[in-house]
$ cat model.cif   # mmCIF, C-alpha atoms
data_structure
#
loop_
_atom_site.group_PDB
_atom_site.id
_atom_site.type_symbol
_atom_site.label_atom_id
_atom_site.label_comp_id
_atom_site.auth_asym_id
_atom_site.auth_seq_id
_atom_site.Cartn_x
_atom_site.Cartn_y
_atom_site.Cartn_z
ATOM 1 C CA MET A 1 87.819 64.364 143.780
ATOM 2 C CA THR A 2 84.032 64.389 144.057
ATOM 3 C CA ARG A 3 81.873 65.238 141.044
ATOM 4 C CA VAL A 4 79.239 67.782 142.069
ATOM 5 C CA ALA A 5 76.183 68.877 140.077
ATOM 6 C CA ALA A 6 74.190 71.971 141.116
ATOM 7 C CA VAL A 7 70.986 71.905 139.092
ATOM 8 C CA GLN A 8 69.230 75.136 138.127
ATOM 9 C CA LEU A 9 65.529 74.537 137.417
ATOM 10 C CA ALA A 10 62.441 76.649 136.741
ATOM 11 C CA PRO A 11 59.743 75.249 139.049
ATOM 12 C CA VAL A 12 56.150 76.332 138.440
ATOM 13 C CA VAL A 13 54.160 77.205 141.528
ATOM 14 C CA GLY A 14 51.263 74.786 141.902
ATOM 15 C CA ASP A 15 52.548 72.260 139.342
ATOM 16 C CA LEU A 16 53.544 69.573 141.819
ATOM 17 C CA ASP A 17 53.531 66.680 139.350
ATOM 18 C CA GLY A 18 55.412 68.595 136.662
ATOM 19 C CA ASN A 19 57.977 69.919 139.113
ATOM 20 C CA VAL A 20 58.618 66.452 140.496
ATOM 21 C CA ASP A 21 58.965 65.006 136.997
ATOM 22 C CA ARG A 22 61.492 67.672 136.025
ATOM 23 C CA ALA A 23 63.446 67.344 139.263
ATOM 24 C CA ALA A 24 63.610 63.533 139.107
ATOM 25 C CA ALA A 25 64.712 63.691 135.474
ATOM 26 C CA ALA A 26 67.428 66.196 136.407
ATOM 27 C CA VAL A 27 68.725 63.880 139.140
ATOM 28 C CA GLU A 28 68.705 60.894 136.804
ATOM 29 C CA ARG A 29 70.475 62.853 134.066
ATOM 30 C CA SER A 30 73.087 64.244 136.460
ATOM 31 C CA VAL A 31 73.864 60.815 137.898
ATOM 32 C CA ALA A 32 74.126 59.332 134.401
ATOM 33 C CA GLU A 33 76.704 62.012 133.602
ATOM 34 C CA GLY A 34 78.810 61.138 136.628
ATOM 35 C CA ALA A 35 77.483 63.277 139.468
ATOM 36 C CA GLN A 36 78.187 61.955 142.970
ATOM 37 C CA ILE A 37 76.454 64.812 144.796
ATOM 38 C CA VAL A 38 73.401 66.513 143.244
ATOM 39 C CA VAL A 39 71.812 69.645 144.696
ATOM 40 C CA LEU A 40 68.384 70.912 143.584
ATOM 41 C CA PRO A 41 66.809 74.327 144.306
ATOM 42 C CA GLU A 42 64.760 75.440 147.287
ATOM 43 C CA LEU A 43 61.085 74.415 147.077
ATOM 44 C CA ALA A 44 61.870 72.558 143.864
ATOM 45 C CA THR A 45 58.703 70.456 144.087
ATOM 46 C CA SER A 46 56.169 73.181 144.900
ATOM 47 C CA GLY A 47 57.319 76.488 143.477
ATOM 48 C CA TYR A 48 57.775 79.514 145.705
ATOM 49 C CA VAL A 49 55.355 82.439 145.295
ATOM 50 C CA PHE A 50 52.318 81.216 147.187
ATOM 51 C CA GLU A 51 49.171 83.290 147.493
ATOM 52 C CA THR A 52 47.796 81.782 150.682
ATOM 53 C CA PRO A 53 48.952 79.473 153.494
ATOM 54 C CA GLU A 54 46.369 76.993 152.241
ATOM 55 C CA GLU A 55 48.031 76.877 148.840
ATOM 56 C CA ALA A 56 51.411 76.198 150.432
ATOM 57 C CA ARG A 57 49.920 73.416 152.552
ATOM 58 C CA SER A 58 48.232 71.832 149.512
ATOM 59 C CA LEU A 59 51.647 71.484 147.826
ATOM 60 C CA ALA A 60 53.527 70.241 150.892
ATOM 61 C CA LEU A 61 54.892 66.685 151.155
ATOM 62 C CA ARG A 62 55.776 64.402 154.024
ATOM 63 C CA PRO A 63 59.334 62.986 154.002
ATOM 64 C CA ASP A 64 57.893 59.500 153.482
ATOM 65 C CA ASP A 65 55.989 60.570 150.352
ATOM 66 C CA GLU A 66 56.529 58.413 147.264
ATOM 67 C CA VAL A 67 58.124 61.457 145.598
ATOM 68 C CA PHE A 68 61.275 60.823 147.619
ATOM 69 C CA GLY A 69 61.180 57.199 146.560
ATOM 70 C CA ARG A 70 61.404 58.460 142.988
ATOM 71 C CA PHE A 71 64.349 60.652 143.870
ATOM 72 C CA ALA A 72 66.033 57.770 145.704
ATOM 73 C CA ALA A 73 65.564 55.498 142.684
ATOM 74 C CA ALA A 74 67.124 58.168 140.453
ATOM 75 C CA ALA A 75 70.029 58.751 142.857
ATOM 76 C CA GLY A 76 71.884 55.512 142.118
ATOM 77 C CA ASP A 77 75.175 55.735 144.011
ATOM 78 C CA ALA A 78 74.886 59.513 144.468
ATOM 79 C CA THR A 79 73.771 61.720 147.347
ATOM 80 C CA VAL A 80 70.945 64.148 146.530
ATOM 81 C CA VAL A 81 69.793 67.300 148.356
ATOM 82 C CA ALA A 82 66.392 68.653 147.306
ATOM 83 C CA GLY A 83 64.245 71.507 148.563
ATOM 84 C CA PHE A 84 60.531 70.947 149.217
ATOM 85 C CA ALA A 85 57.574 72.258 151.196
ATOM 86 C CA GLU A 86 57.182 69.846 154.108
ATOM 87 C CA LEU A 87 53.867 68.909 155.638
ATOM 88 C CA GLY A 88 54.017 68.371 159.380
ATOM 89 C CA GLU A 89 51.373 67.546 161.921
ATOM 90 C CA ASP A 90 50.717 71.172 162.805
ATOM 91 C CA ARG A 91 53.026 73.156 160.541
ATOM 92 C CA VAL A 92 54.374 73.600 157.033
ATOM 93 C CA SER A 93 58.145 73.984 156.729
ATOM 94 C CA ASN A 94 60.499 75.178 154.028
ATOM 95 C CA SER A 95 62.678 72.068 154.048
ATOM 96 C CA ALA A 96 65.451 70.194 152.286
ATOM 97 C CA ALA A 97 65.930 66.440 152.237
ATOM 98 C CA LEU A 98 69.282 64.712 151.965
ATOM 99 C CA LEU A 99 68.777 61.282 150.447
ATOM 100 C CA ASP A 100 70.428 58.447 148.602
ATOM 101 C CA ALA A 101 69.321 55.095 147.222
ATOM 102 C CA SER A 102 68.398 53.986 150.747
ATOM 103 C CA GLY A 103 65.886 56.841 151.089
ATOM 104 C CA VAL A 104 65.744 60.076 153.080
ATOM 105 C CA ARG A 105 68.620 60.288 155.551
ATOM 106 C CA ALA A 106 68.064 63.776 156.971
ATOM 107 C CA VAL A 107 65.594 66.644 156.708
ATOM 108 C CA TYR A 108 66.526 70.247 157.463
ATOM 109 C CA ARG A 109 63.850 72.878 158.138
ATOM 110 C CA LYS A 110 64.835 76.430 157.234
ATOM 111 C CA VAL A 111 65.480 78.455 160.382
ATOM 112 C CA HIS A 112 65.890 81.954 158.928
ATOM 113 C CA LEU A 113 62.770 82.686 156.899
ATOM 114 C CA TRP A 114 62.954 85.381 154.243
ATOM 115 C CA ASP A 115 60.270 88.088 154.084
ATOM 116 C CA GLN A 116 56.919 86.668 152.892
ATOM 117 C CA GLU A 117 57.967 83.112 153.766
ATOM 118 C CA LYS A 118 56.915 83.997 157.307
ATOM 119 C CA ARG A 119 53.304 84.023 156.085
ATOM 120 C CA PHE A 120 53.461 80.418 154.910
ATOM 121 C CA PHE A 121 56.061 78.526 156.921
ATOM 122 C CA ALA A 122 56.993 77.861 160.521
ATOM 123 C CA PRO A 123 60.718 78.383 161.183
ATOM 124 C CA GLY A 124 62.857 75.367 161.927
ATOM 125 C CA ASP A 125 64.230 74.852 165.402
ATOM 126 C CA ALA A 126 67.188 72.505 164.858
ATOM 127 C CA ARG A 127 70.767 72.969 163.741
ATOM 128 C CA PRO A 128 71.766 72.014 160.186
ATOM 129 C CA PRO A 129 72.475 68.287 159.819
ATOM 130 C CA VAL A 130 75.912 67.100 158.772
ATOM 131 C CA VAL A 131 75.651 63.647 157.195
ATOM 132 C CA GLU A 132 78.458 61.190 156.516
ATOM 133 C CA THR A 133 78.298 60.081 152.876
ATOM 134 C CA PRO A 134 80.666 57.952 150.763
ATOM 135 C CA PHE A 135 82.112 61.206 149.424
ATOM 136 C CA GLY A 136 82.525 63.186 152.620
ATOM 137 C CA ARG A 137 80.471 64.967 155.242
ATOM 138 C CA VAL A 138 77.616 66.986 153.713
ATOM 139 C CA GLY A 139 75.844 69.760 155.624
ATOM 140 C CA VAL A 140 72.500 71.240 154.596
ATOM 141 C CA MET A 141 70.894 74.654 154.956
ATOM 142 C CA ILE A 142 68.593 76.777 152.801
ATOM 143 C CA CYS A 143 69.011 80.128 151.035
ATOM 144 C CA PHE A 144 68.750 82.995 153.585
ATOM 145 C CA ASP A 145 70.388 80.778 156.236
ATOM 146 C CA LEU A 146 73.656 81.341 154.371
ATOM 147 C CA GLU A 147 73.627 85.023 155.337
ATOM 148 C CA PHE A 148 74.056 84.294 159.055
ATOM 149 C CA PRO A 149 77.750 83.646 159.787
ATOM 150 C CA GLU A 150 76.963 82.116 163.171
ATOM 151 C CA TRP A 151 74.850 79.476 161.407
ATOM 152 C CA THR A 152 77.362 78.559 158.725
ATOM 153 C CA ARG A 153 80.133 78.376 161.322
ATOM 154 C CA ILE A 154 78.029 75.816 163.220
ATOM 155 C CA ALA A 155 78.080 73.581 160.132
ATOM 156 C CA ALA A 156 81.837 74.035 159.770
ATOM 157 C CA LEU A 157 82.441 73.214 163.430
ATOM 158 C CA ALA A 158 80.263 70.112 163.017
ATOM 159 C CA GLY A 159 82.712 68.918 160.368
ATOM 160 C CA ALA A 160 80.933 69.655 157.091
ATOM 161 C CA ASP A 161 83.231 69.167 154.111
ATOM 162 C CA LEU A 162 80.579 70.557 151.786
ATOM 163 C CA LEU A 163 77.568 72.735 152.529
ATOM 164 C CA ALA A 164 74.646 72.036 150.178
ATOM 165 C CA VAL A 165 72.355 75.066 149.895
ATOM 166 C CA PRO A 166 69.106 74.876 147.901
ATOM 167 C CA THR A 167 68.149 78.485 147.135
ATOM 168 C CA ASN A 168 65.584 80.766 145.506
ATOM 169 C CA TRP A 169 67.292 84.138 145.110
ATOM 170 C CA PRO A 170 64.990 86.963 143.929
ATOM 171 C CA LEU A 171 66.695 89.113 141.306
ATOM 172 C CA VAL A 172 68.114 92.384 142.669
ATOM 173 C CA PRO A 173 70.009 95.207 140.920
ATOM 174 C CA VAL A 174 73.729 94.500 140.641
ATOM 175 C CA SER A 175 76.436 96.987 139.668
ATOM 176 C CA HIS A 176 78.091 96.338 136.329
ATOM 177 C CA GLY A 177 80.706 93.633 136.609
ATOM 178 C CA GLU A 178 79.631 92.545 140.086
ATOM 179 C CA ARG A 179 78.344 89.133 141.040
ATOM 180 C CA PRO A 180 74.933 88.758 142.695
ATOM 181 C CA PRO A 181 75.319 89.562 146.403
ATOM 182 C CA GLU A 182 74.278 86.059 147.454
ATOM 183 C CA VAL A 183 77.074 84.555 145.348
ATOM 184 C CA GLN A 184 79.554 86.896 147.007
ATOM 185 C CA ILE A 185 78.273 85.762 150.408
ATOM 186 C CA ALA A 186 78.794 82.120 149.412
ATOM 187 C CA ILE A 187 82.371 82.884 148.340
ATOM 188 C CA ALA A 188 83.157 84.716 151.572
ATOM 189 C CA THR A 189 81.522 82.016 153.692
ATOM 190 C CA ALA A 190 83.483 79.238 151.982
ATOM 191 C CA ARG A 191 86.748 81.091 152.478
ATOM 192 C CA MET A 192 86.249 82.065 156.115
ATOM 193 C CA ASN A 193 85.274 78.486 157.031
ATOM 194 C CA ARG A 194 87.462 76.692 154.477
ATOM 195 C CA MET A 195 84.395 74.679 153.511
ATOM 196 C CA ALA A 196 83.107 73.981 149.989
ATOM 197 C CA ILE A 197 79.629 75.361 149.240
ATOM 198 C CA VAL A 198 77.163 74.359 146.522
ATOM 199 C CA CYS A 199 74.190 76.686 145.884
ATOM 200 C CA ALA A 200 71.444 75.448 143.550
ATOM 201 C CA ASP A 201 69.266 78.408 142.515
ATOM 202 C CA ARG A 202 66.192 78.653 140.288
ATOM 203 C CA VAL A 203 65.213 80.678 137.221
ATOM 204 C CA GLY A 204 62.033 81.870 135.541
ATOM 205 C CA VAL A 205 59.376 84.440 136.373
ATOM 206 C CA GLU A 206 56.824 83.301 138.912
ATOM 207 C CA ARG A 207 53.786 85.475 139.672
ATOM 208 C CA GLY A 208 55.778 88.579 138.847
ATOM 209 C CA VAL A 209 58.965 87.603 140.692
ATOM 210 C CA ASP A 210 62.191 87.333 138.684
ATOM 211 C CA TRP A 211 64.875 84.950 139.924
ATOM 212 C CA THR A 212 68.640 85.438 139.890
ATOM 213 C CA GLY A 213 69.748 82.122 138.441
ATOM 214 C CA GLY A 214 72.854 82.305 140.622
ATOM 215 C CA THR A 215 73.646 78.598 140.872
ATOM 216 C CA SER A 216 77.278 78.356 141.985
ATOM 217 C CA VAL A 217 79.927 75.951 143.229
ATOM 218 C CA VAL A 218 82.627 77.375 145.500
ATOM 219 C CA ASP A 219 85.617 75.362 146.682
ATOM 220 C CA ALA A 220 87.189 75.406 150.141
ATOM 221 C CA ASP A 221 89.589 78.189 149.113
ATOM 222 C CA GLY A 222 86.660 80.448 148.243
ATOM 223 C CA ALA A 223 87.171 80.106 144.491
ATOM 224 C CA LEU A 224 84.045 80.219 142.321
ATOM 225 C CA VAL A 225 84.675 77.122 140.236
ATOM 226 C CA ALA A 226 81.341 76.732 138.402
ATOM 227 C CA ARG A 227 78.224 78.732 137.542
ATOM 228 C CA VAL A 228 75.177 78.444 135.294
ATOM 229 C CA GLY A 229 73.885 81.061 132.875
ATOM 230 C CA THR A 230 70.479 82.727 132.943
ATOM 231 C CA GLY A 231 68.414 79.662 132.045
ATOM 232 C CA PRO A 232 67.989 76.105 133.293
ATOM 233 C CA GLY A 233 71.214 74.127 133.406
ATOM 234 C CA THR A 234 73.770 72.488 135.652
ATOM 235 C CA ALA A 235 76.953 73.763 137.279
ATOM 236 C CA TRP A 236 79.542 70.988 137.274
ATOM 237 C CA ALA A 237 82.675 70.831 139.381
ATOM 238 C CA ASP A 238 85.199 68.314 140.672
ATOM 239 C CA ILE A 239 85.816 69.217 144.322
ATOM 240 C CA ASP A 240 88.424 67.903 146.753
ATOM 241 C CA LEU A 241 86.148 67.619 149.768
ATOM 242 C CA LEU A 242 88.942 66.491 152.050
ATOM 243 C CA ALA A 243 90.578 69.896 151.539
ATOM 244 C CA SER A 244 87.821 71.287 153.752
ATOM 245 C CA ARG A 245 89.300 69.397 156.702
ATOM 246 C CA ASP A 246 92.561 71.326 156.636
ATOM 247 C CA LYS A 247 91.724 74.718 158.135
ATOM 248 C CA ARG A 248 95.235 76.144 157.740
ATOM 249 C CA GLN A 249 95.682 79.152 155.467
ATOM 250 C CA ALA A 250 99.372 79.653 156.257
ATOM 251 C CA GLU A 251 102.000 78.074 158.478
ATOM 252 C CA LEU A 252 100.662 79.768 161.612
ATOM 253 C CA VAL A 253 97.078 80.416 160.517
ATOM 254 C CA ASP A 254 94.275 78.014 161.460
ATOM 255 C CA LEU A 255 90.725 79.237 160.833
ATOM 256 C CA ILE A 256 89.311 77.059 163.592
ATOM 257 C CA GLY A 257 92.240 76.918 165.997
ATOM 258 C CA ASP A 258 92.751 80.690 165.963
ATOM 259 C CA ARG A 259 89.222 81.481 167.117
ATOM 260 C CA ARG A 260 88.758 83.166 170.512
ATOM 261 C CA PRO A 261 85.435 81.825 171.798
ATOM 262 C CA ASP A 262 86.380 83.047 175.272
ATOM 263 C CA LEU A 263 85.751 86.563 173.918
ATOM 264 C CA TYR A 264 82.680 85.788 171.846
ATOM 265 C CA GLY A 265 80.203 85.413 174.709
ATOM 266 C CA PRO A 266 78.079 88.540 174.038
ATOM 267 C CA LEU A 267 77.716 87.593 170.371
ATOM 268 C CA VAL A 268 76.738 84.002 171.048
ATOM 269 C CA ASP A 269 74.370 84.952 173.868
#
$ encode --input "model.cif" --output "structure tokens"
Amino acid sequence: MTRVAAVQLAPVVGDLDGNVDRAAAAVERSVAEGAQIVVLPELATSGYVFETPEEARSLALRPDDEVFGRFAAAAGDATVVAGFAELGEDRVSNSAALLDASGVRAVYRKVHLWDQEKRFFAPGDARPPVVETPFGRVGVMICFDLEFPEWTRIAALAGADLLAVPTNWPLVPVSHGERPPEVQIAIATARMNRMAIVCADRVGVERGVDWTGGTSVVDADGALVARVGTGPGTAWADIDLLASRDKRQAELVDLIGDRRPDLYGPLVD
């Protein structure tokens, strides 16, 4: 079993130093309590509700920034996935870094930008990475990406045992007794791919935007095995990542083997 920690934080837009301090402390604390995989929210270092593209750029980091050295030092023997605004040569990206004590091993740039993000970020143009770690194969995508079944299936076909998803989910009305829609999507996605999913959301009110606080861990069967309440905190779960490699749901049911890609051409095209 792999001990997973999905950390729910309350980043403050513009407070780069404070956000980094809180995120690094959360990683260190999670690892000290036994976490082997730690997932932080989307844009955990910068905050989310930017006013101008210039503000977003001023809070963006390069993957070789010393901030990631701090995260690597806090990681110990764990694997960490953290969302950040990434500064490129000619673009700013909504990105997530997968790192360990050796440093940054992969960077994913969000492909499916949500609403106002299109004002501040350039969309990514590469498939989600799937990285071999001591605990299993970890795939990475960000928030709204999870709502595109073609995209999550790509990660499953690439062999991801666990999909780490930094998120910032704006609060929306939910019928009494229902889960937030994004959590339901994570559950359905895990079940249809037989792939564990860890979503690390944020909380707080930022420039008038309320956040869901929907941090969740879903196992390969689609069971919601851990959540956090309405404030900062951590969702803990022990996950059998190797279960994600067995795509059978019944004796004659195989979620990968039973596909009919010969009929999917119009969809894929």
$ residues_around --input "model.cif" --residues "segment 255-260 of chain A" --least-positions-apart "2" --cutoff "8 Å" --atoms "all atoms listed in the file" --output "ChimeraX atom specification"
/A:157,192-194,247-249,253,262-264
$ resolve_selection --input "model.cif" --expression "the PyMOL selection byres ((chain A and resi 99-105) around 6)" --output "PDB file with C-alpha atoms, keeping the file's coordinate frame"
ATOM      1  CA  ALA A  72      66.033  57.770 145.704  1.00  0.00           C
ATOM      2  CA  ALA A  73      65.564  55.498 142.684  1.00  0.00           C
ATOM      3  CA  ALA A  75      70.029  58.751 142.857  1.00  0.00           C
ATOM      4  CA  GLY A  76      71.884  55.512 142.118  1.00  0.00           C
ATOM      5  CA  THR A  79      73.771  61.720 147.347  1.00  0.00           C
ATOM      6  CA  VAL A  80      70.945  64.148 146.530  1.00  0.00           C
ATOM      7  CA  LEU A  98      69.282  64.712 151.965  1.00  0.00           C
ATOM      8  CA  ALA A 106      68.064  63.776 156.971  1.00  0.00           C
TER       9      ALA A 106
END
$ closest_residue --input "model.cif" --among "A:Asp238, A:Asp201, A:Asp221, A:Asp254" --to "Leu40 of chain A" --atoms "only C-alpha atoms"
A:Asp201
$ closest_residue --input "model.cif" --among "A:Glu147, A:Glu42, A:Asp21, A:Asp115" --to "Pro181 of chain A" --atoms "all atoms listed in the file"
A:Glu147
$ closest_residue --input "model.cif" --among "A:Val12, A:Val20, A:Ala97, A:Ala74" --to "Glu206 of chain A" --atoms "all atoms listed in the file"
A:Val12
$ residues_around --input "model.cif" --residues "Gly83 of chain A" --least-positions-apart "3" --cutoff "9 Å" --atoms "only C-alpha atoms" --output "list in words"
Val39, Leu40, Pro41, Glu42, Leu43, Ala44, Thr45, Asn94, Ser95, Ala96, Ala97, Ile142, Val165, Pro166 and Thr167 of chain A
$ resolve_selection --input "model.cif" --expression "the PyMOL selection byres ((chain A and resi 48) around 12)" --output "PDB file with C-alpha atoms, in the coordinates of the input"
ATOM      1  CA  ALA A  10      62.441  76.649 136.741  1.00  0.00           C
ATOM      2  CA  PRO A  11      59.743  75.249 139.049  1.00  0.00           C
ATOM      3  CA  VAL A  12      56.150  76.332 138.440  1.00  0.00           C
ATOM      4  CA  VAL A  13      54.160  77.205 141.528  1.00  0.00           C
ATOM      5  CA  GLY A  14      51.263  74.786 141.902  1.00  0.00           C
ATOM      6  CA  ASP A  15      52.548  72.260 139.342  1.00  0.00           C
ATOM      7  CA  LEU A  16      53.544  69.573 141.819  1.00  0.00           C
ATOM      8  CA  ASN A  19      57.977  69.919 139.113  1.00  0.00           C
ATOM      9  CA  PRO A  41      66.809  74.327 144.306  1.00  0.00           C
ATOM     10  CA  GLU A  42      64.760  75.440 147.287  1.00  0.00           C
ATOM     11  CA  LEU A  43      61.085  74.415 147.077  1.00  0.00           C
ATOM     12  CA  ALA A  44      61.870  72.558 143.864  1.00  0.00           C
ATOM     13  CA  THR A  45      58.703  70.456 144.087  1.00  0.00           C
ATOM     14  CA  SER A  46      56.169  73.181 144.900  1.00  0.00           C
ATOM     15  CA  GLY A  47      57.319  76.488 143.477  1.00  0.00           C
ATOM     16  CA  VAL A  49      55.355  82.439 145.295  1.00  0.00           C
ATOM     17  CA  PHE A  50      52.318  81.216 147.187  1.00  0.00           C
ATOM     18  CA  GLU A  51      49.171  83.290 147.493  1.00  0.00           C
ATOM     19  CA  THR A  52      47.796  81.782 150.682  1.00  0.00           C
ATOM     20  CA  PRO A  53      48.952  79.473 153.494  1.00  0.00           C
ATOM     21  CA  GLU A  55      48.031  76.877 148.840  1.00  0.00           C
ATOM     22  CA  ALA A  56      51.411  76.198 150.432  1.00  0.00           C
ATOM     23  CA  LEU A  59      51.647  71.484 147.826  1.00  0.00           C
ATOM     24  CA  ALA A  60      53.527  70.241 150.892  1.00  0.00           C
ATOM     25  CA  GLY A  83      64.245  71.507 148.563  1.00  0.00           C
ATOM     26  CA  PHE A  84      60.531  70.947 149.217  1.00  0.00           C
ATOM     27  CA  ALA A  85      57.574  72.258 151.196  1.00  0.00           C
ATOM     28  CA  ASN A  94      60.499  75.178 154.028  1.00  0.00           C
ATOM     29  CA  TRP A 114      62.954  85.381 154.243  1.00  0.00           C
ATOM     30  CA  GLN A 116      56.919  86.668 152.892  1.00  0.00           C
ATOM     31  CA  GLU A 117      57.967  83.112 153.766  1.00  0.00           C
ATOM     32  CA  PHE A 120      53.461  80.418 154.910  1.00  0.00           C
ATOM     33  CA  PHE A 121      56.061  78.526 156.921  1.00  0.00           C
ATOM     34  CA  THR A 167      68.149  78.485 147.135  1.00  0.00           C
ATOM     35  CA  ASN A 168      65.584  80.766 145.506  1.00  0.00           C
ATOM     36  CA  TRP A 169      67.292  84.138 145.110  1.00  0.00           C
ATOM     37  CA  PRO A 170      64.990  86.963 143.929  1.00  0.00           C
ATOM     38  CA  ASP A 201      69.266  78.408 142.515  1.00  0.00           C
ATOM     39  CA  ARG A 202      66.192  78.653 140.288  1.00  0.00           C
ATOM     40  CA  VAL A 203      65.213  80.678 137.221  1.00  0.00           C
ATOM     41  CA  GLY A 204      62.033  81.870 135.541  1.00  0.00           C
ATOM     42  CA  VAL A 205      59.376  84.440 136.373  1.00  0.00           C
ATOM     43  CA  GLU A 206      56.824  83.301 138.912  1.00  0.00           C
ATOM     44  CA  ARG A 207      53.786  85.475 139.672  1.00  0.00           C
ATOM     45  CA  GLY A 208      55.778  88.579 138.847  1.00  0.00           C
ATOM     46  CA  VAL A 209      58.965  87.603 140.692  1.00  0.00           C
ATOM     47  CA  ASP A 210      62.191  87.333 138.684  1.00  0.00           C
ATOM     48  CA  TRP A 211      64.875  84.950 139.924  1.00  0.00           C
TER      49      TRP A 211
END
$ closest_residue --input "model.cif" --among "A:Ala188, A:Val130, A:Val7, A:Ala200" --to "Asp219 of chain A" --atoms "only C-alpha atoms"
A:Ala188
$ atom_distance --input "model.cif" --atom1 "atom CA of Gly177 of chain A" --atom2 "atom CA of Ser216 of chain A"
16.6 Å
$ atom_distance --input "model.cif" --atom1 "atom CA of Phe148 of chain A" --atom2 "atom CA of Ala164 of chain A"
15.1 Å
$ residues_around --input "model.cif" --residues "Glu33 of chain A" --least-positions-apart "3" --cutoff "12 Å" --atoms "all atoms listed in the file" --output "PyMOL selection string"
chain A and resi 3-5+26-30+36-38+75-76+78+234+236
$ atom_distance --input "model.cif" --atom1 "atom CA of Ile239 of chain A" --atom2 "atom CA of Gly214 of chain A"
18.8 Å
$ closest_residue --input "model.cif" --among "A:Asp161, A:Asp240, A:Glu66, A:Asp145" --to "Asp17 of chain A" --atoms "all atoms listed in the file"
A:Glu66
$ closest_residue --input "model.cif" --among "A:Glu251, A:Glu182, A:Glu86, A:Asp125" --to "Leu146 of chain A" --atoms "all atoms listed in the file"
A:Glu182
